[in-house]
Each structure stands twice: as structure tokens, then as C-alpha cells.
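J.: If it helps, the file is called my_file.txt and holds compact mmCIF, C-alpha atoms and all ligand atoms:
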```txt
# COMPACT_ATOMS: atom_id res chain seq x y z
CA MET A 624 -16.31 105.63 -85.59
CA SER A 625 -16.03 107.46 -88.85
CA ASP A 626 -14.73 110.87 -87.96
CA PRO A 627 -13.38 112.80 -90.96
CA THR A 628 -11.19 114.90 -88.66
CA ARG A 629 -9.48 111.82 -87.24
CA PRO A 630 -5.78 111.61 -88.08
CA PRO A 631 -5.00 108.66 -90.34
CA GLY A 632 -4.19 105.33 -88.76
CA PRO A 633 -5.04 103.80 -85.42
CA LYS A 634 -3.48 104.56 -82.06
CA ILE A 635 -1.24 101.58 -81.34
CA ILE A 636 -0.75 100.61 -77.69
CA ALA A 637 1.58 97.83 -76.49
CA VAL A 638 0.45 96.23 -73.21
CA ALA A 639 3.71 95.12 -71.65
CA ASN A 640 5.36 94.00 -68.44
CA GLN A 641 7.96 91.26 -68.43
CA LYS A 642 6.62 90.01 -65.11
CA GLY A 643 4.27 87.05 -65.60
CA GLY A 644 0.63 86.98 -64.51
CA VAL A 645 0.20 90.69 -63.77
CA GLY A 646 -2.94 91.16 -65.87
CA LYS A 647 -1.57 92.01 -69.34
CA THR A 648 -3.92 89.73 -71.24
CA THR A 649 -6.92 90.49 -69.03
CA THR A 650 -6.31 94.21 -69.51
CA THR A 651 -5.80 93.91 -73.26
CA ILE A 652 -9.02 91.93 -73.76
CA ASN A 653 -11.19 94.06 -71.52
CA LEU A 654 -9.83 97.47 -72.47
CA ALA A 655 -10.30 96.45 -76.12
CA ALA A 656 -13.89 95.39 -75.35
CA ALA A 657 -14.58 98.63 -73.46
CA LEU A 658 -13.30 100.71 -76.39
CA ALA A 659 -15.37 98.64 -78.83
CA GLU A 660 -18.43 99.13 -76.62
CA GLN A 661 -18.02 102.87 -77.16
CA GLY A 662 -18.14 102.41 -80.92
CA PHE A 663 -14.42 102.39 -81.65
CA ARG A 664 -13.01 99.85 -84.07
CA VAL A 665 -10.32 97.87 -82.29
CA LEU A 666 -7.74 95.27 -83.32
CA LEU A 667 -6.18 93.08 -80.64
CA VAL A 668 -2.82 91.64 -81.69
CA ASP A 669 -2.00 88.51 -79.71
CA LEU A 670 1.81 88.54 -79.60
CA ASP A 671 2.17 85.85 -76.92
CA PRO A 672 2.92 82.24 -77.91
CA GLN A 673 0.66 81.23 -75.00
CA GLY A 674 -2.25 82.56 -77.08
CA ASN A 675 -4.25 83.45 -73.97
CA ALA A 676 -5.96 86.45 -75.53
CA SER A 677 -7.03 84.34 -78.50
CA THR A 678 -8.40 81.62 -76.22
CA GLY A 679 -10.08 84.18 -73.96
CA LEU A 680 -11.93 85.58 -76.97
CA GLY A 681 -13.07 82.15 -78.11
CA ILE A 682 -10.78 81.62 -81.12
CA GLU A 683 -10.50 77.85 -81.48
CA PRO A 684 -7.03 76.40 -82.21
CA GLU A 685 -8.21 75.15 -85.62
CA ASP A 686 -9.17 78.72 -86.54
CA ARG A 687 -5.61 79.92 -85.95
CA LYS A 688 -4.18 78.61 -89.23
CA HIS A 689 -3.07 82.14 -89.99
CA SER A 690 -1.65 83.92 -87.01
CA THR A 691 0.48 86.80 -85.83
CA TYR A 692 3.48 84.61 -86.68
CA ASP A 693 2.56 84.84 -90.37
CA LEU A 694 2.25 88.62 -90.12
CA LEU A 695 5.76 88.80 -88.74
CA LEU A 696 7.62 86.12 -90.64
CA ASP A 697 5.57 85.09 -93.67
CA ASP A 698 4.60 88.43 -95.19
CA ALA A 699 0.95 87.56 -94.66
CA ARG A 700 -1.70 90.18 -95.43
CA LEU A 701 -3.71 91.50 -92.49
CA LYS A 702 -6.96 90.60 -94.19
CA ASP A 703 -5.87 86.95 -94.32
CA VAL A 704 -4.93 86.82 -90.65
CA ILE A 705 -7.36 88.85 -88.60
CA LEU A 706 -10.67 87.46 -87.45
CA PRO A 707 -13.82 89.06 -86.05
CA THR A 708 -14.73 88.20 -82.45
CA ALA A 709 -18.05 87.85 -80.63
CA VAL A 710 -17.63 91.51 -79.64
CA ALA A 711 -18.93 93.93 -82.28
CA GLY A 712 -16.11 96.19 -83.44
CA LEU A 713 -13.33 93.96 -82.06
CA TRP A 714 -11.00 91.96 -84.34
CA ILE A 715 -8.06 89.77 -83.39
CA SER A 716 -4.80 88.65 -84.91
CA PRO A 717 -4.61 85.28 -83.13
CA ALA A 718 -1.51 83.57 -81.78
CA ASN A 719 -0.47 79.98 -81.37
CA SER A 720 2.70 78.19 -80.34
CA ASP A 721 4.30 78.99 -83.74
CA LEU A 722 5.28 82.28 -82.11
CA SER A 723 7.49 80.51 -79.58
CA SER A 724 10.14 79.99 -82.24
CA ALA A 725 9.76 83.52 -83.62
CA ASP A 726 12.30 85.08 -81.30
CA MET A 727 15.06 82.81 -82.57
CA GLU A 728 14.02 83.22 -86.19
CA LEU A 729 13.91 87.00 -85.84
CA VAL A 730 17.44 87.34 -84.52
CA SER A 731 19.13 86.77 -87.86
CA LEU A 732 16.94 89.22 -89.78
CA GLU A 733 18.14 92.71 -90.49
CA LYS A 734 14.70 94.22 -89.89
CA ARG A 735 14.12 92.06 -86.82
CA SER A 736 12.69 94.85 -84.63
CA PHE A 737 10.45 96.35 -87.34
CA LEU A 738 8.40 93.38 -88.50
CA LEU A 739 5.26 94.16 -86.50
CA HIS A 740 5.70 97.88 -87.24
CA ASP A 741 5.65 97.12 -90.95
CA ALA A 742 2.80 94.60 -90.70
CA LEU A 743 0.59 97.18 -88.99
CA ARG A 744 1.35 99.73 -91.67
CA GLN A 745 0.30 97.61 -94.63
CA PRO A 746 -2.02 99.56 -96.91
CA ASP A 747 -4.66 96.89 -96.09
CA ILE A 748 -5.12 98.28 -92.64
CA ASP A 749 -6.82 101.45 -93.89
CA ALA A 750 -9.79 99.44 -95.13
CA PHE A 751 -10.53 98.31 -91.57
CA ALA A 752 -10.41 101.90 -90.26
CA PHE A 753 -9.25 100.81 -86.82
CA ASP A 754 -9.20 103.46 -84.12
CA TYR A 755 -7.07 101.42 -81.72
CA VAL A 756 -4.65 98.52 -81.95
CA LEU A 757 -3.82 96.85 -78.61
CA ILE A 758 -0.88 94.44 -78.52
CA ASP A 759 -0.82 91.73 -75.83
CA CYS A 760 2.89 91.10 -75.15
CA PRO A 761 4.49 87.95 -73.73
CA PRO A 762 6.03 88.05 -70.22
CA SER A 763 9.55 88.87 -71.36
CA LEU A 764 11.62 91.68 -72.80
CA SER A 765 12.29 89.56 -75.87
CA LEU A 766 12.41 90.58 -79.51
CA LEU A 767 8.64 90.06 -79.67
CA THR A 768 8.10 92.71 -76.99
CA VAL A 769 10.64 94.97 -78.70
CA ASN A 770 8.65 94.54 -81.94
CA ALA A 771 5.53 95.67 -80.06
CA MET A 772 7.33 98.74 -78.69
CA VAL A 773 8.72 99.67 -82.09
CA ALA A 774 5.27 99.31 -83.68
CA ALA A 775 3.44 101.23 -80.95
CA HIS A 776 2.78 104.87 -80.14
CA SER A 777 2.66 104.06 -76.43
CA VAL A 778 3.15 101.38 -73.78
CA LEU A 779 0.50 100.55 -71.19
CA VAL A 780 1.96 98.80 -68.14
CA PRO A 781 -0.25 96.65 -65.92
CA LEU A 782 1.10 96.47 -62.37
CA GLN A 783 -0.27 93.83 -60.03
CA ALA A 784 -1.03 95.30 -56.60
CA GLU A 785 1.15 92.71 -54.88
CA PHE A 786 4.47 92.54 -53.13
CA PHE A 787 7.44 93.09 -55.49
CA ALA A 788 5.13 94.83 -57.99
CA LEU A 789 7.62 97.57 -58.74
CA GLU A 790 10.52 95.21 -59.06
CA GLY A 791 11.51 94.87 -62.68
CA LEU A 792 9.89 98.15 -63.66
CA SER A 793 13.26 99.87 -64.03
CA GLN A 794 14.30 97.24 -66.55
CA LEU A 795 11.08 97.76 -68.48
CA MET A 796 11.66 101.52 -68.48
CA LEU A 797 15.24 100.95 -69.66
CA THR A 798 13.98 98.88 -72.59
CA ILE A 799 11.51 101.64 -73.48
CA ARG A 800 14.37 104.15 -73.39
CA GLU A 801 16.52 101.95 -75.64
CA VAL A 802 13.70 101.56 -78.14
CA ARG A 803 13.26 105.36 -78.15
CA GLN A 804 16.95 105.82 -78.85
CA SER A 805 17.22 103.20 -81.55
CA ALA A 806 13.93 102.87 -83.39
CA ASN A 807 10.91 104.79 -82.11
CA ARG A 808 11.79 108.23 -80.86
CA LEU A 809 8.19 109.19 -80.10
CA LEU A 810 7.28 106.13 -78.01
CA ARG A 811 5.29 107.31 -74.96
CA ILE A 812 4.28 105.66 -71.73
CA GLU A 813 0.50 105.46 -71.93
CA GLY A 814 0.28 104.84 -68.22
CA VAL A 815 0.53 102.32 -65.43
CA ILE A 816 -2.65 100.51 -64.42
CA LEU A 817 -2.90 98.83 -61.03
CA THR A 818 -4.57 95.45 -61.37
CA MET A 819 -6.04 92.86 -58.97
CA TYR A 820 -6.43 95.62 -56.40
CA ASP A 821 -7.95 94.50 -53.11
CA VAL A 822 -9.23 97.39 -50.98
CA ARG A 823 -9.31 95.21 -47.87
CA ASN A 824 -5.67 94.37 -48.23
CA ASN A 825 -3.13 96.76 -46.71
CA LEU A 826 -0.56 95.49 -49.16
CA SER A 827 -2.62 96.70 -52.13
CA GLN A 828 -2.83 100.14 -50.55
CA GLN A 829 0.89 100.13 -49.88
CA VAL A 830 1.71 99.18 -53.47
CA GLU A 831 -0.63 101.91 -54.71
CA ALA A 832 1.02 104.51 -52.46
CA ASP A 833 4.49 103.42 -53.59
CA ALA A 834 3.50 103.42 -57.27
CA ARG A 835 1.94 106.89 -57.08
CA ALA A 836 4.91 108.27 -55.11
CA THR A 837 7.50 106.76 -57.45
CA LEU A 838 5.80 107.05 -60.81
CA GLY A 839 3.49 110.04 -60.29
CA GLU A 840 1.02 111.15 -62.94
CA ILE A 841 1.54 108.18 -65.24
CA VAL A 842 -0.39 105.95 -62.80
CA PHE A 843 -4.06 105.87 -63.83
CA ARG A 844 -6.58 107.08 -61.22
CA THR A 845 -8.64 104.02 -62.19
CA MET A 846 -7.63 100.75 -60.54
CA ILE A 847 -8.83 97.29 -61.54
CA PRO A 848 -10.21 95.43 -58.52
CA ARG A 849 -9.58 91.77 -57.89
CA ASN A 850 -12.92 90.38 -59.05
CA VAL A 851 -13.78 86.74 -59.57
CA ARG A 852 -16.01 87.55 -62.56
CA VAL A 853 -12.93 88.93 -64.36
CA SER A 854 -11.09 85.65 -63.89
CA GLU A 855 -14.10 83.51 -64.87
CA ALA A 856 -14.87 85.35 -68.12
CA PRO A 857 -12.13 83.77 -70.33
CA SER A 858 -13.46 80.27 -69.72
CA TYR A 859 -16.74 81.49 -71.26
CA ALA A 860 -14.72 82.92 -74.18
CA LEU A 861 -15.94 86.43 -73.42
CA PRO A 862 -14.60 89.72 -72.07
CA VAL A 863 -15.98 90.35 -68.58
CA LEU A 864 -17.89 93.29 -70.07
CA GLN A 865 -20.11 90.77 -71.84
CA TYR A 866 -19.89 87.90 -69.38
CA ASP A 867 -21.13 90.01 -66.46
CA THR A 868 -21.71 93.49 -67.74
CA ALA A 869 -22.53 95.08 -64.36
CA SER A 870 -19.65 93.49 -62.41
CA ARG A 871 -17.08 95.64 -60.64
CA GLY A 872 -14.46 94.40 -63.07
CA SER A 873 -16.53 95.54 -66.08
CA GLU A 874 -17.12 98.96 -64.56
CA ALA A 875 -13.41 99.33 -63.84
CA TYR A 876 -12.40 98.52 -67.41
CA ARG A 877 -15.00 101.01 -68.72
CA ALA A 878 -13.53 103.63 -66.40
CA LEU A 879 -10.03 102.81 -67.67
CA ALA A 880 -11.19 103.26 -71.28
CA ASN A 881 -12.75 106.62 -70.38
CA GLU A 882 -9.63 107.81 -68.60
CA LEU A 883 -7.45 106.74 -71.52
CA ILE A 884 -9.69 108.46 -74.07
CA ALA A 885 -9.74 111.63 -71.96
CA ARG A 886 -5.93 111.63 -71.77
CA HIS A 887 -5.74 111.21 -75.54
CA LEU A 888 -8.09 114.15 -76.07
CA VAL A 889 -5.86 116.34 -73.90
CA ALA A 890 -2.70 115.09 -75.67
CA ASP A 891 -4.26 115.58 -79.13
CA LYS A 892 -5.21 119.16 -78.26
CA LYS A 893 -1.70 119.90 -77.02
CA GLY A 894 -0.05 118.17 -79.93
N1 LIG B 1 -8.91 91.89 -61.88
C1 LIG B 1 -8.74 90.57 -61.72
N2 LIG B 1 -9.44 89.89 -60.78
C2 LIG B 1 -9.25 88.56 -60.62
N3 LIG B 1 -8.40 87.82 -61.33
C3 LIG B 1 -7.67 88.44 -62.28
C4 LIG B 1 -7.80 89.83 -62.52
N4 LIG B 1 -6.94 90.17 -63.52
C5 LIG B 1 -6.31 89.04 -63.87
N5 LIG B 1 -6.74 87.99 -63.15
C6 LIG B 1 -6.28 86.61 -63.22
O1 LIG B 1 -4.88 86.57 -62.98
C7 LIG B 1 -4.24 85.64 -63.85
C8 LIG B 1 -3.17 86.36 -64.66
O2 LIG B 1 -3.79 87.33 -65.50
P1 LIG B 1 -3.35 87.54 -67.01
O3 LIG B 1 -3.33 86.25 -67.75
O4 LIG B 1 -4.16 88.65 -67.57
O5 LIG B 1 -1.85 88.03 -66.78
P2 LIG B 1 -0.69 88.17 -67.86
O6 LIG B 1 0.18 89.27 -67.39
O7 LIG B 1 -1.25 88.28 -69.22
O8 LIG B 1 0.04 86.77 -67.71
P3 LIG B 1 1.27 86.22 -68.65
O9 LIG B 1 2.46 86.97 -68.16
O10 LIG B 1 1.33 84.76 -68.39
O11 LIG B 1 0.91 86.56 -70.06
C9 LIG B 1 -5.34 85.05 -64.71
O12 LIG B 1 -5.75 83.83 -64.14
C10 LIG B 1 -6.46 86.06 -64.64
O13 LIG B 1 -7.73 85.49 -64.79
MG MG B 2 -0.79 87.14 -70.92
```
The structure in this file should be written as C-alpha cells.
T.:
Amino acid sequence: MSDPTRPPGPKIIAVANQKGGVGKTTTTINLAAALAEQGFRVLLVDLDPQGNASTGLGIEPEDRKHSTYDLLLDDARLKDVILPTAVAGLWISPANSDLSSADMELVSLEKRSFLLHDALRQPDIDAFAFDYVLIDCPPSLSLLTVNAMVAAHSVLVPLQAEFFALEGLSQLMLTIREVRQSANRLLRIEGVILTMYDVRNNLSQQVEADARATLGEIVFRTMIPRNVRVSEAPSYALPVLQYDTASRGSEAYRALANELIARHLVADKKG
């Protein structure tokens, strides 16, 4: 969207939770697709050595010669790394298993926490005029995740509506606080999104009640239902929004995008 009043640079959102399998990648892909559907220009940064977001968007392993690893550790230019996807307006910086050694390689570098921050602020990025950058983090609070938090304006936390969902959140919040103190004073919590919600399951309702009571306003009104179409979509190399555009999962991710945009409008007015 070319809006001359838009502040320079994209909004950068890290999608993080060190717990595995809570819906980080699914949320990153489908929120990115929902924003692109609205005409925004979106870059998805796959920061997970598992490369699930890259696979889910149909990037073949042989097309990942240049990857997020090169952005971090090889001074690669964005234009040499990022690829268009089947979704109009959505680009990806793909990941492969090269990233699994990145944590160890980063440790010895003085700028170890700032590499993604710097990569996303290359002058190159202006030419793409991205509105949003969404970073799919690995399931750990490693240096890769810290790089995402240092690069980002905000952190979006998917929370699976299952037993023990809130366990581990305090450690995540502690990491966010440490990043604020050391490297990124303005880092915000974008919100907490309940995923794989099952209305027929008392446990889902209990987790929702607990999350809203404990975390308050930061929990999105929107919840992502457990929906088989959402889980099938990656094997067709598509976001669910394209795989089954009228599914409950698609509608939920559109609603999440709308809620997020509305919150940004309020925040921009205030700020
Ligand atoms: N709303 C949903 N309905 C049904 N299945 C879902 C939904 N969201 C995610 N899943 C499934 O749950 C599994 C875990 O989701 P996903 O890969 O997004 O989690 P993750 O947090 O990225 O995992 P990891 O920590 O390994 O990176 C996947 O098989 C995915 O298809
Ligand atoms: Mg993942």
C-alpha cells in the first residue's frame, strides 16, 4: 500500500513462544497471508532451522541456496535472499538447517544480538516498501529468538488452548524484559493469541479464562479455532486463506489481522 503519510519502514513483529507446537508457524504464515490479502506488502522471515514456514509456503529445498542464515552471518543483501511466494504481496526469507549452527556461531560475535536488526535495516529494504515483517521464531529462547526480539517492534505470542499453556510464559516475559533493558527499550507485546481453540472442550474455555484473567487486555478477542483445514494447508504449500478461503481457520486469521491493524491505528494515533 503506498501511503505517503506512512512512517518509514515496516512494522516488525516477532512471533515467539519457546514452547514447541503452539502455532507459531501457522500463525506467522496465515497472519502474513491475511495482511497481504488486504493489500499490505509483507515479508516473512523464517528464523527456525526446521524451515517449516518455508516448506508451508512451497519453497523447495533447492531454492533455499540463500537463506536467513546468510542474512545473519554472511552479510548477504536482502534482495539476494528473499523470494516471492504464491501469495501476492508476500515475500519470504527462507530457512534451512544451516540455521541450526547459527546459535553457536553467533555466541562469539560482538554484535551477536543485533544481526537480524541490522539485516532488516539495510538500505535495500526501502525498495520493497514492506508494511509488515513477521518473524517465525524457533521453539527456544536462544540467540536466534533474541535476535528476533532485538529486531522487532513487538512480540506476538501464540498460546495453545491446552493444559500447561501458561507455563513458560513468565520466562518468555522475562526474556522480553531483558531485551528491553539491554538492547530494545521500545519492544512491545503485540498480544497473545489463543490457538487451536476448541469450543466443545472445557479445557479450552478454562485456558481462555485463565489467560484473560492473568494477562488481561493483551489477549486478543479473536481466537484461532482448531480446524483441520488449517493443518492440511501446509501440505498443499498454501496458507489456509488460499487453500480453503471460507474455512473457519481462514476467517479467524482475517479477524486477527483486522484486530491487529485496529490496535495499530489506535497506538499510532496515541503515539
Ligand atoms: N488452528 C489449528 N487447527 C488445527 N491444527 C493446527 C492449528 N494450528 C496449528 N495446527 C497444527 O499444530 C501443529 C503445530 O503448529 P505449528 O507448526 O504452527 O507450531 P509451532 O509453534 O510453529 O511449532 P514449533 O515450535 O515446532 O516451531 C502443526 O501440525 C499444525 O498444522
Ligand atoms: Mg514453527
J.: Please report as a tab-separated table every residue of range 671-788 of chain A lying within 10 Å of range 800-822 of chain A, along with the nearest atom pair and their distance in Å (one decimal), using all atoms listed in the file.
T.:
```
residue	atom	partner	partner_atom	distance
A:Ser736	CA	A:Ala806	CA	8.2
A:Phe737	CA	A:Ala806	CA	8.4
A:Val769	CA	A:Val802	CA	7.3
A:Asn770	CA	A:Val802	CA	9.4
A:Met772	CA	A:Val802	CA	7.0
A:Val773	CA	A:Asn807	CA	5.6
A:Ala774	CA	A:Asn807	CA	8.0
A:Ala775	CA	A:Leu810	CA	6.9
A:His776	CA	A:Leu810	CA	5.1
A:Ser777	CA	A:Arg811	CA	4.4
A:Val778	CA	A:Ile812	CA	4.9
A:Leu779	CA	A:Glu813	CA	5.0
A:Val780	CA	A:Val815	CA	4.7
A:Pro781	CA	A:Ile816	CA	4.8
A:Leu782	CA	A:Leu817	CA	4.8
A:Gln783	CA	A:Thr818	CA	4.8
A:Ala784	CA	A:Tyr820	CA	5.4
A:Glu785	CA	A:Tyr820	CA	8.3
A:Ala788	CA	A:Leu817	CA	9.5
```
J.: Using the selection just defined, write its residues with C-alpha atoms as a short mmCIF file (atom, residue, chain, number, x, y, z; two decimals), keeping the file's coordinate frame.
T.:
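What follows is the written file selection04.cif:
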```cif
data_model
loop_
_atom_site.label_atom_id
_atom_site.label_comp_id
_atom_site.auth_asym_id
_atom_site.auth_seq_id
_atom_site.Cartn_x
_atom_site.Cartn_y
_atom_site.Cartn_z
CA SER A 736 12.69 94.85 -84.63
CA PHE A 737 10.45 96.35 -87.34
CA VAL A 769 10.64 94.97 -78.70
CA ASN A 770 8.65 94.54 -81.94
CA MET A 772 7.33 98.74 -78.69
CA VAL A 773 8.72 99.67 -82.09
CA ALA A 774 5.27 99.31 -83.68
CA ALA A 775 3.44 101.23 -80.95
CA HIS A 776 2.78 104.87 -80.14
CA SER A 777 2.66 104.06 -76.43
CA VAL A 778 3.15 101.38 -73.78
CA LEU A 779 0.50 100.55 -71.19
CA VAL A 780 1.96 98.80 -68.14
CA PRO A 781 -0.25 96.65 -65.92
CA LEU A 782 1.10 96.47 -62.37
CA GLN A 783 -0.27 93.83 -60.03
CA ALA A 784 -1.03 95.30 -56.60
CA GLU A 785 1.15 92.71 -54.88
CA ALA A 788 5.13 94.83 -57.99
#
```
J.: Show me, as a ChimeraX atom specification, the residues that have an atom within 12 Å of range 693-696 of chain A when counting all atoms listed in the file, minus same-chain residues fewer than 6 positions from it.
T.: /A:668-670,687,702-705,716-719,721-722,724-732,734-745,766-767,770-771,774
J.: Around ligand MG 2 (chain B), which protein and nucleic acid residues have at least one atom no more than 7 Å from it, if we count only C-alpha atoms and all ligand atoms? List them as a ChimeraX atom specification.
T.: /A:644,646-648,671,675-676,759-762
J.: Given 5 Å of margin on each side, can you work out the centre and size in Å (one decimal) of an axis-aligned box holding every listed atom of ligand LIG 1 (chain B), as lines of an AutoDock Vina configuration file?
T.:
```
center_x = -3.5
center_y = 87.9
center_z = -65.3
size_x = 21.9
size_y = 18.1
size_z = 19.4
```
J.: Could you check which of A:Gln865, A:Leu680, A:Arg877, A:Leu883 is closest to Val842 in chain A, using only C-alpha atoms?
T.: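 Closest candidate: A:Leu883.
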J.: Counting all atoms listed in the file, note down every residue that has an atom within 9 Å of the point (-17.4, 94.2, -66.7) (file coordinates), as an NGL selection string.
T.: :A and (653 or 657 or 852-853 or 862-877)
J.: A:Leu706, A:Leu701, A:Leu658, A:Ile635: which is nearest Asn881 in chain A, counting all atoms listed in the file?
T.: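 Once distances to Asn881 in chain A are computed over all atoms listed in the file, the minimum belongs to A:Leu658.
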